Amino acid sequence: MMSTAAADPDPALQADWLHRSMPSQAQIREFLQSGALFAWSEDRWIIAWGTPEKRTRPCPGRPSFYAPDFFLTDPAPWRVYPQGAAVSPDGLAHHLAEEETARVWEKFDEASFASAFSIVQSALQHGELRKAVPAVFEHSAGPLTIPERERALRALANLPSGLVPYGCWNQHGGLLGASPELLFEDDGVEVHTMAVAGTAGADTAPDAILENPKELSEHRVVLDDLATQLTPLGRIIRGATRLWRIGILSHLRTDLRVAHSSALEFDDLVGRLHPTPAVGTAPRELWRSWIPQLDSEPRGHFAAPFGLLLPGGQARCLVAIRHVQWNDKDTRCGAGCGLVTGSDLIRETAELRLKLAATRGNLGL
């Protein structure tokens with residue numbers, strides 16, 4: 001199983017975290033005010049609530065949520081909550097109100113993205129980069145209110161297979177969404193990850209993606225990078241590259257698995273895999289210098305790792321995309337697109353609009 005820090009047991013939460021139960025209405029209200037969510041399976045969400053303890057390391061014996069920023073600057077990225085449960089998403093949704101939302105979203109800055117596109121194309125031509133992923137953001141005034149969180153959670157409970165709901169929040173801000181991209185899963189025997197790169201509308205003919213040189217090139221960069229990072233752990237089993245339809249989007253996806261004989265630290269896997277070129281750069285070691293130059297604004301939690309370590313040692317970590325994040329004054333929705341040689345500005349701009357619309361639609365916003 002996943003290795004953790006030195007024992008810090010707390011018998012108050014020694015429970016089977018995959019056995020479903022339903023919190024009381026008062027506990028659900030507390031969850032909506034300060035809580036966390038990770039969808040462990042389609043019919044089982046792990047939720048937690050109350051004021052969390054922020055830690056530098058996970059707490060053995062208790063579900064530990066991992067929620068750093070994209071640049072991993074938070075010295076205490078782990079959150080351990082005083083209460084939690086495994087719930088049925090349908091059962092939880094039944095206890096949530098559904099109110100209409102009147103949010104108005106400002107379009108992302110297309111001029112800023114065009115500038116980033118030009119910078120990346122120049123770097124590609126000069127051999128400085130093989131791929132880069134600028135991020136853009138739409139904004140809406142005010143925080144995500146509790147009624148809006150209820151509406152969003154109800155929407156997340158009805159998403160198609162392949163999207164994994166996740167998030168954490170308190171009275172000052174948070175993030176909530178559903179990611180299609182697994183950074184890693186470790187069951188104590190194998191590490192599983194996936195290359196997800198190359199995007200089109202779900203109505204696009206399969207051959208238009210599977211035989212598109214630009215999309216295949218973008219996907220190959222991510223796939224080769226992940227294989228390089230995993231090779232030191234053991235022999236890699238690579239699945240077939242396939243078209244993956246999720247809602248209104250289609251992606252190229254290739255799964256990778258590697259067996260390991262010794263315990264792996266959660267933080268070490270994050271350090272090895274984050275950020276993949278699906279959200280960062282290739283070569284990957286240049287991401288810290290290039291991403292701030294290309295993004296329209298700081299990412300915050302966008303494309304950061306978001307994970308959960310259960311008391312039994314099972315660990316999963318998502319790439320935190322397809323979400324909204326908010327503070328006391330503002331809610332924003334982010335998206336990124338992979339730029340390689342052969343990318344077209346008009347097409348990439350349209351892809352960003354499609355991803356942003358998909359994210360807002362997934363959340364009923």
# chains A, B, ... in the order shown; residues from 1 in each chain; ligands from 1
>>> residues_around(residues="A:Arg288", least_positions_apart="5", cutoff="12 Å", atoms="only C-alpha atoms", output="mmCIF file with N, CA and C atoms, in the first residue's frame")
data_model
loop_
_atom_site.group_PDB
_atom_site.id
_atom_site.type_symbol
_atom_site.label_atom_id
_atom_site.label_comp_id
_atom_site.auth_asym_id
_atom_site.auth_seq_id
_atom_site.Cartn_x
_atom_site.Cartn_y
_atom_site.Cartn_z
ATOM 1 N N PHE A 70 -1.058 24.776 -8.244
ATOM 2 C CA PHE A 70 -0.365 24.203 -9.404
ATOM 3 C C PHE A 70 1.152 24.184 -9.219
ATOM 4 N N PHE A 71 1.694 25.243 -8.620
ATOM 5 C CA PHE A 71 3.148 25.340 -8.467
ATOM 6 C C PHE A 71 3.660 24.679 -7.195
ATOM 7 N N LEU A 72 2.774 24.026 -6.445
ATOM 8 C CA LEU A 72 3.150 23.261 -5.256
ATOM 9 C C LEU A 72 3.861 24.121 -4.218
ATOM 10 N N THR A 73 3.365 25.337 -4.026
ATOM 11 C CA THR A 73 3.998 26.251 -3.076
ATOM 12 C C THR A 73 3.437 26.133 -1.666
ATOM 13 N N ALA A 132 3.516 23.208 -25.277
ATOM 14 C CA ALA A 132 3.200 24.038 -24.110
ATOM 15 C C ALA A 132 1.689 24.187 -24.027
ATOM 16 N N HIS A 274 3.798 15.250 -11.893
ATOM 17 C CA HIS A 274 3.199 16.587 -12.073
ATOM 18 C C HIS A 274 4.247 17.611 -12.464
ATOM 19 N N PRO A 275 3.894 18.508 -13.425
ATOM 20 C CA PRO A 275 2.748 18.428 -14.316
ATOM 21 C C PRO A 275 3.111 17.653 -15.581
ATOM 22 N N VAL A 279 -0.712 19.437 -19.338
ATOM 23 C CA VAL A 279 -1.078 20.707 -18.696
ATOM 24 C C VAL A 279 0.129 21.613 -18.484
ATOM 25 N N GLY A 280 1.320 21.153 -18.822
ATOM 26 C CA GLY A 280 2.533 21.933 -18.587
ATOM 27 C C GLY A 280 3.310 22.163 -19.861
ATOM 28 N N THR A 281 4.535 21.658 -19.915
ATOM 29 C CA THR A 281 5.394 21.838 -21.080
ATOM 30 C C THR A 281 6.150 20.561 -21.384
ATOM 31 N N ALA A 282 6.645 20.473 -22.591
ATOM 32 C CA ALA A 282 7.644 19.483 -22.976
ATOM 33 C C ALA A 282 8.769 20.255 -23.663
ATOM 34 N N PRO A 283 10.000 20.122 -23.158
ATOM 35 C CA PRO A 283 10.425 19.286 -22.034
ATOM 36 C C PRO A 283 9.772 19.715 -20.715
ATOM 37 N N GLN A 293 4.845 32.775 -18.049
ATOM 38 C CA GLN A 293 4.929 33.657 -19.209
ATOM 39 C C GLN A 293 3.716 33.523 -20.125
ATOM 40 N N LEU A 294 3.097 32.348 -20.126
ATOM 41 C CA LEU A 294 2.076 32.044 -21.116
ATOM 42 C C LEU A 294 0.649 32.225 -20.599
ATOM 43 N N ASP A 295 0.422 32.022 -19.307
ATOM 44 C CA ASP A 295 -0.931 32.081 -18.783
ATOM 45 C C ASP A 295 -1.454 33.505 -18.695
#
>>> select_by_dssp(residues="stretch 98-272 of chain A", states="alpha helix (DSSP H)", output="number ranges by chain")
A: 110-125, 146-156, 206-210, 213-230, 266-272
>>> closest_residue(among="A:Asp74, A:Gly239, A:Gln25, A:Glu181", to="A:Thr254", atoms="only C-alpha atoms")
A:Gly239
>>> residues_around(residues="A:Glu218", least_positions_apart="6", cutoff="12 Å", atoms="only C-alpha atoms", output="ChimeraX atom specification")
/A:130-133,195-199,209-210,212,224-225,251-253,276-279,281-282,337-343
>>> residues_around(residues="A:Arg149", least_positions_apart="4", cutoff="12 Å", atoms="only C-alpha atoms", output="PDB file with C-alpha atoms, in the first residue's frame")
ATOM      1  CA  ILE A  28     -24.819  18.085   5.010  1.00  0.00           C
ATOM      2  CA  ARG A  29     -25.287  21.779   5.780  1.00  0.00           C
ATOM      3  CA  PHE A  31     -20.416  19.970   4.420  1.00  0.00           C
ATOM      4  CA  LEU A  32     -21.788  22.680   2.128  1.00  0.00           C
ATOM      5  CA  GLN A  33     -20.110  25.365   4.245  1.00  0.00           C
ATOM      6  CA  SER A  34     -16.712  23.678   4.714  1.00  0.00           C
ATOM      7  CA  GLY A  35     -16.125  20.357   3.033  1.00  0.00           C
ATOM      8  CA  ALA A  36     -14.274  18.156   0.590  1.00  0.00           C
ATOM      9  CA  LEU A  37     -15.267  15.608  -2.037  1.00  0.00           C
ATOM     10  CA  ALA A  93     -28.234  14.801  -4.381  1.00  0.00           C
ATOM     11  CA  LEU A  96     -29.709  19.051  -1.916  1.00  0.00           C
ATOM     12  CA  ALA A  97     -31.809  21.921  -3.225  1.00  0.00           C
ATOM     13  CA  GLU A  98     -31.770  22.859  -6.890  1.00  0.00           C
ATOM     14  CA  GLU A  99     -32.099  26.573  -7.544  1.00  0.00           C
ATOM     15  CA  GLU A 100     -31.625  28.459 -10.773  1.00  0.00           C
ATOM     16  CA  THR A 101     -28.377  30.367 -11.142  1.00  0.00           C
ATOM     17  CA  PRO A 143     -18.108  33.580  -4.630  1.00  0.00           C
ATOM     18  CA  LEU A 144     -19.878  30.322  -5.386  1.00  0.00           C
ATOM     19  CA  THR A 145     -22.754  30.534  -2.936  1.00  0.00           C
ATOM     20  CA  LEU A 153     -23.224  18.927  -6.634  1.00  0.00           C
ATOM     21  CA  ARG A 154     -26.577  17.758  -7.993  1.00  0.00           C
ATOM     22  CA  ALA A 155     -25.263  18.276 -11.518  1.00  0.00           C
ATOM     23  CA  LEU A 156     -22.045  16.381 -10.731  1.00  0.00           C
ATOM     24  CA  GLY A 167     -13.299  19.613  -4.648  1.00  0.00           C
ATOM     25  CA  CYS A 168     -12.774  21.330  -1.315  1.00  0.00           C
ATOM     26  CA  TRP A 169     -14.012  24.629   0.060  1.00  0.00           C
ATOM     27  CA  ASN A 170     -14.638  26.779   3.130  1.00  0.00           C
ATOM     28  CA  GLY A 173     -13.146  30.035  -1.179  1.00  0.00           C
ATOM     29  CA  GLY A 174     -12.607  26.699  -2.835  1.00  0.00           C
ATOM     30  CA  LEU A 175     -12.790  24.635  -5.987  1.00  0.00           C
ATOM     31  CA  LEU A 176     -15.356  22.182  -7.349  1.00  0.00           C
ATOM     32  CA  GLY A 177     -15.436  20.234 -10.584  1.00  0.00           C
ATOM     33  CA  VAL A 324     -14.449  26.424 -10.971  1.00  0.00           C
ATOM     34  CA  GLN A 325     -12.447  28.023  -8.185  1.00  0.00           C
ATOM     35  CA  TRP A 326     -13.543  30.975  -6.121  1.00  0.00           C
ATOM     36  CA  LEU A 363     -21.655  22.179 -12.885  1.00  0.00           C
ATOM     37  CA  GLY A 364     -24.989  23.626 -13.941  1.00  0.00           C
ATOM     38  CA  LEU A 365     -23.428  27.088 -14.062  1.00  0.00           C
TER      39      LEU A 365
END
>>> closest_residue(among="A:Arg235, A:Leu92, A:Glu106, A:Arg44", to="A:Glu150", atoms="only C-alpha atoms")
A:Leu92
>>> select_by_dssp(residues="stretch 63-294 of chain A", states="strand (DSSP E or B)", output="PyMOL selection string")
chain A and resi 64-66+78-80+83-87+106+131-132+135-141+164-170+173-179+182-186+190-201+236-238+242-246+249-259+265+281-282
>>> closest_residue(among="A:Ala335, A:Leu163, A:Leu269, A:Val189", to="A:Ser41", atoms="only C-alpha atoms")
A:Leu163
>>> residues_around(residues="stretch 114-116 of chain A", least_positions_apart="3", cutoff="9 Å", atoms="only C-alpha atoms", output="PyMOL selection string")
chain A and resi 109-111+119-121+134+293-296+345+349
>>> write_last_selection(atoms="N, CA and C atoms", output="PDB file, in the first residue's frame")
ATOM      1  N   ASP A 109      -9.760  36.373 -22.205  1.00  0.00           N
ATOM      2  CA  ASP A 109      -9.024  37.373 -22.981  1.00  0.00           C
ATOM      3  C   ASP A 109      -8.383  36.702 -24.202  1.00  0.00           C
ATOM      4  N   GLU A 110      -9.048  36.801 -25.355  1.00  0.00           N
ATOM      5  CA  GLU A 110      -8.542  36.146 -26.552  1.00  0.00           C
ATOM      6  C   GLU A 110      -7.256  36.787 -27.059  1.00  0.00           C
ATOM      7  N   ALA A 111      -7.089  38.089 -26.828  1.00  0.00           N
ATOM      8  CA  ALA A 111      -5.856  38.755 -27.265  1.00  0.00           C
ATOM      9  C   ALA A 111      -4.662  38.227 -26.478  1.00  0.00           C
ATOM     10  N   ILE A 119       4.060  33.298 -28.890  1.00  0.00           N
ATOM     11  CA  ILE A 119       5.291  33.015 -28.151  1.00  0.00           C
ATOM     12  C   ILE A 119       5.639  31.532 -28.246  1.00  0.00           C
ATOM     13  N   VAL A 120       4.628  30.671 -28.082  1.00  0.00           N
ATOM     14  CA  VAL A 120       4.878  29.229 -28.133  1.00  0.00           C
ATOM     15  C   VAL A 120       5.304  28.803 -29.527  1.00  0.00           C
ATOM     16  N   GLN A 121       4.658  29.333 -30.562  1.00  0.00           N
ATOM     17  CA  GLN A 121       5.033  28.946 -31.922  1.00  0.00           C
ATOM     18  C   GLN A 121       6.477  29.326 -32.235  1.00  0.00           C
ATOM     19  N   PRO A 134      -0.881  26.843 -22.540  1.00  0.00           N
ATOM     20  CA  PRO A 134      -1.347  28.062 -21.865  1.00  0.00           C
ATOM     21  C   PRO A 134      -2.741  27.850 -21.287  1.00  0.00           C
ATOM     22  N   GLN A 293       4.845  32.775 -18.049  1.00  0.00           N
ATOM     23  CA  GLN A 293       4.929  33.657 -19.209  1.00  0.00           C
ATOM     24  C   GLN A 293       3.716  33.523 -20.125  1.00  0.00           C
ATOM     25  N   LEU A 294       3.097  32.348 -20.126  1.00  0.00           N
ATOM     26  CA  LEU A 294       2.076  32.044 -21.116  1.00  0.00           C
ATOM     27  C   LEU A 294       0.649  32.225 -20.599  1.00  0.00           C
ATOM     28  N   ASP A 295       0.422  32.022 -19.307  1.00  0.00           N
ATOM     29  CA  ASP A 295      -0.931  32.081 -18.783  1.00  0.00           C
ATOM     30  C   ASP A 295      -1.454  33.505 -18.695  1.00  0.00           C
ATOM     31  N   SER A 296      -2.751  33.660 -18.865  1.00  0.00           N
ATOM     32  CA  SER A 296      -3.355  34.986 -18.794  1.00  0.00           C
ATOM     33  C   SER A 296      -3.382  35.526 -17.371  1.00  0.00           C
ATOM     34  N   LEU A 345      -4.422  28.854 -34.503  1.00  0.00           N
ATOM     35  CA  LEU A 345      -4.957  29.761 -33.495  1.00  0.00           C
ATOM     36  C   LEU A 345      -6.476  29.716 -33.436  1.00  0.00           C
ATOM     37  N   THR A 349      -8.504  28.378 -30.154  1.00  0.00           N
ATOM     38  CA  THR A 349      -9.413  29.291 -29.455  1.00  0.00           C
ATOM     39  C   THR A 349     -10.800  28.666 -29.329  1.00  0.00           C
TER      40      THR A 349
END
>>> atom_distance(atom1="atom CA of A:Leu256", atom2="atom CA of A:Thr193")
5.4 Å
>>> residues_around(residues="A:Gly247", least_positions_apart="5", cutoff="8 Å", atoms="only C-alpha atoms", output="VMD selection string")
chain A and resid 160 202 358
>>> write_last_selection(atoms="N, CA and C atoms", output="tab-separated table (two decimals), in the first residue's frame")
chain	number	residue	atom	x	y	z
A	160	PRO	N	-21.79	11.94	-17.02
A	160	PRO	CA	-21.48	10.67	-17.69
A	160	PRO	C	-20.23	10.02	-17.10
A	202	ALA	N	-17.49	16.06	-29.35
A	202	ALA	CA	-17.91	14.66	-29.37
A	202	ALA	C	-18.55	14.27	-30.70
A	358	ALA	N	-18.13	23.22	-21.53
A	358	ALA	CA	-18.34	21.89	-20.96
A	358	ALA	C	-18.23	21.94	-19.45
>>> closest_residue(among="A:Phe302, A:Trp78, A:Phe108, A:Phe117", to="A:Thr56", atoms="only C-alpha atoms")
A:Trp78
>>> closest_residue(among="A:Arg332, A:His260, A:Arg242, A:Arg322", to="A:Asp207", atoms="only C-alpha atoms")
A:Arg242
>>> atom_distance(atom1="atom CA of A:Asn327", atom2="atom CA of A:Ile46")
23.7 Å
>>> residues_around(residues="A:Arg353", least_positions_apart="6", cutoff="12 Å", atoms="only C-alpha atoms", output="list in words")
Glu106, Lys107, Phe108, Asp109, Glu110, Phe113, Ala135, Val136, Phe137, Glu138, Ala200, Gly201, Ile248, Leu249, Cys333, Gly334, Ala335, Gly336, Cys337, Ile346, Arg347, Thr359 and Arg360 of chain A
>>> closest_residue(among="A:Gln171, A:Ser250, A:Arg220, A:Gln83", to="A:Pro206", atoms="only C-alpha atoms")
A:Ser250
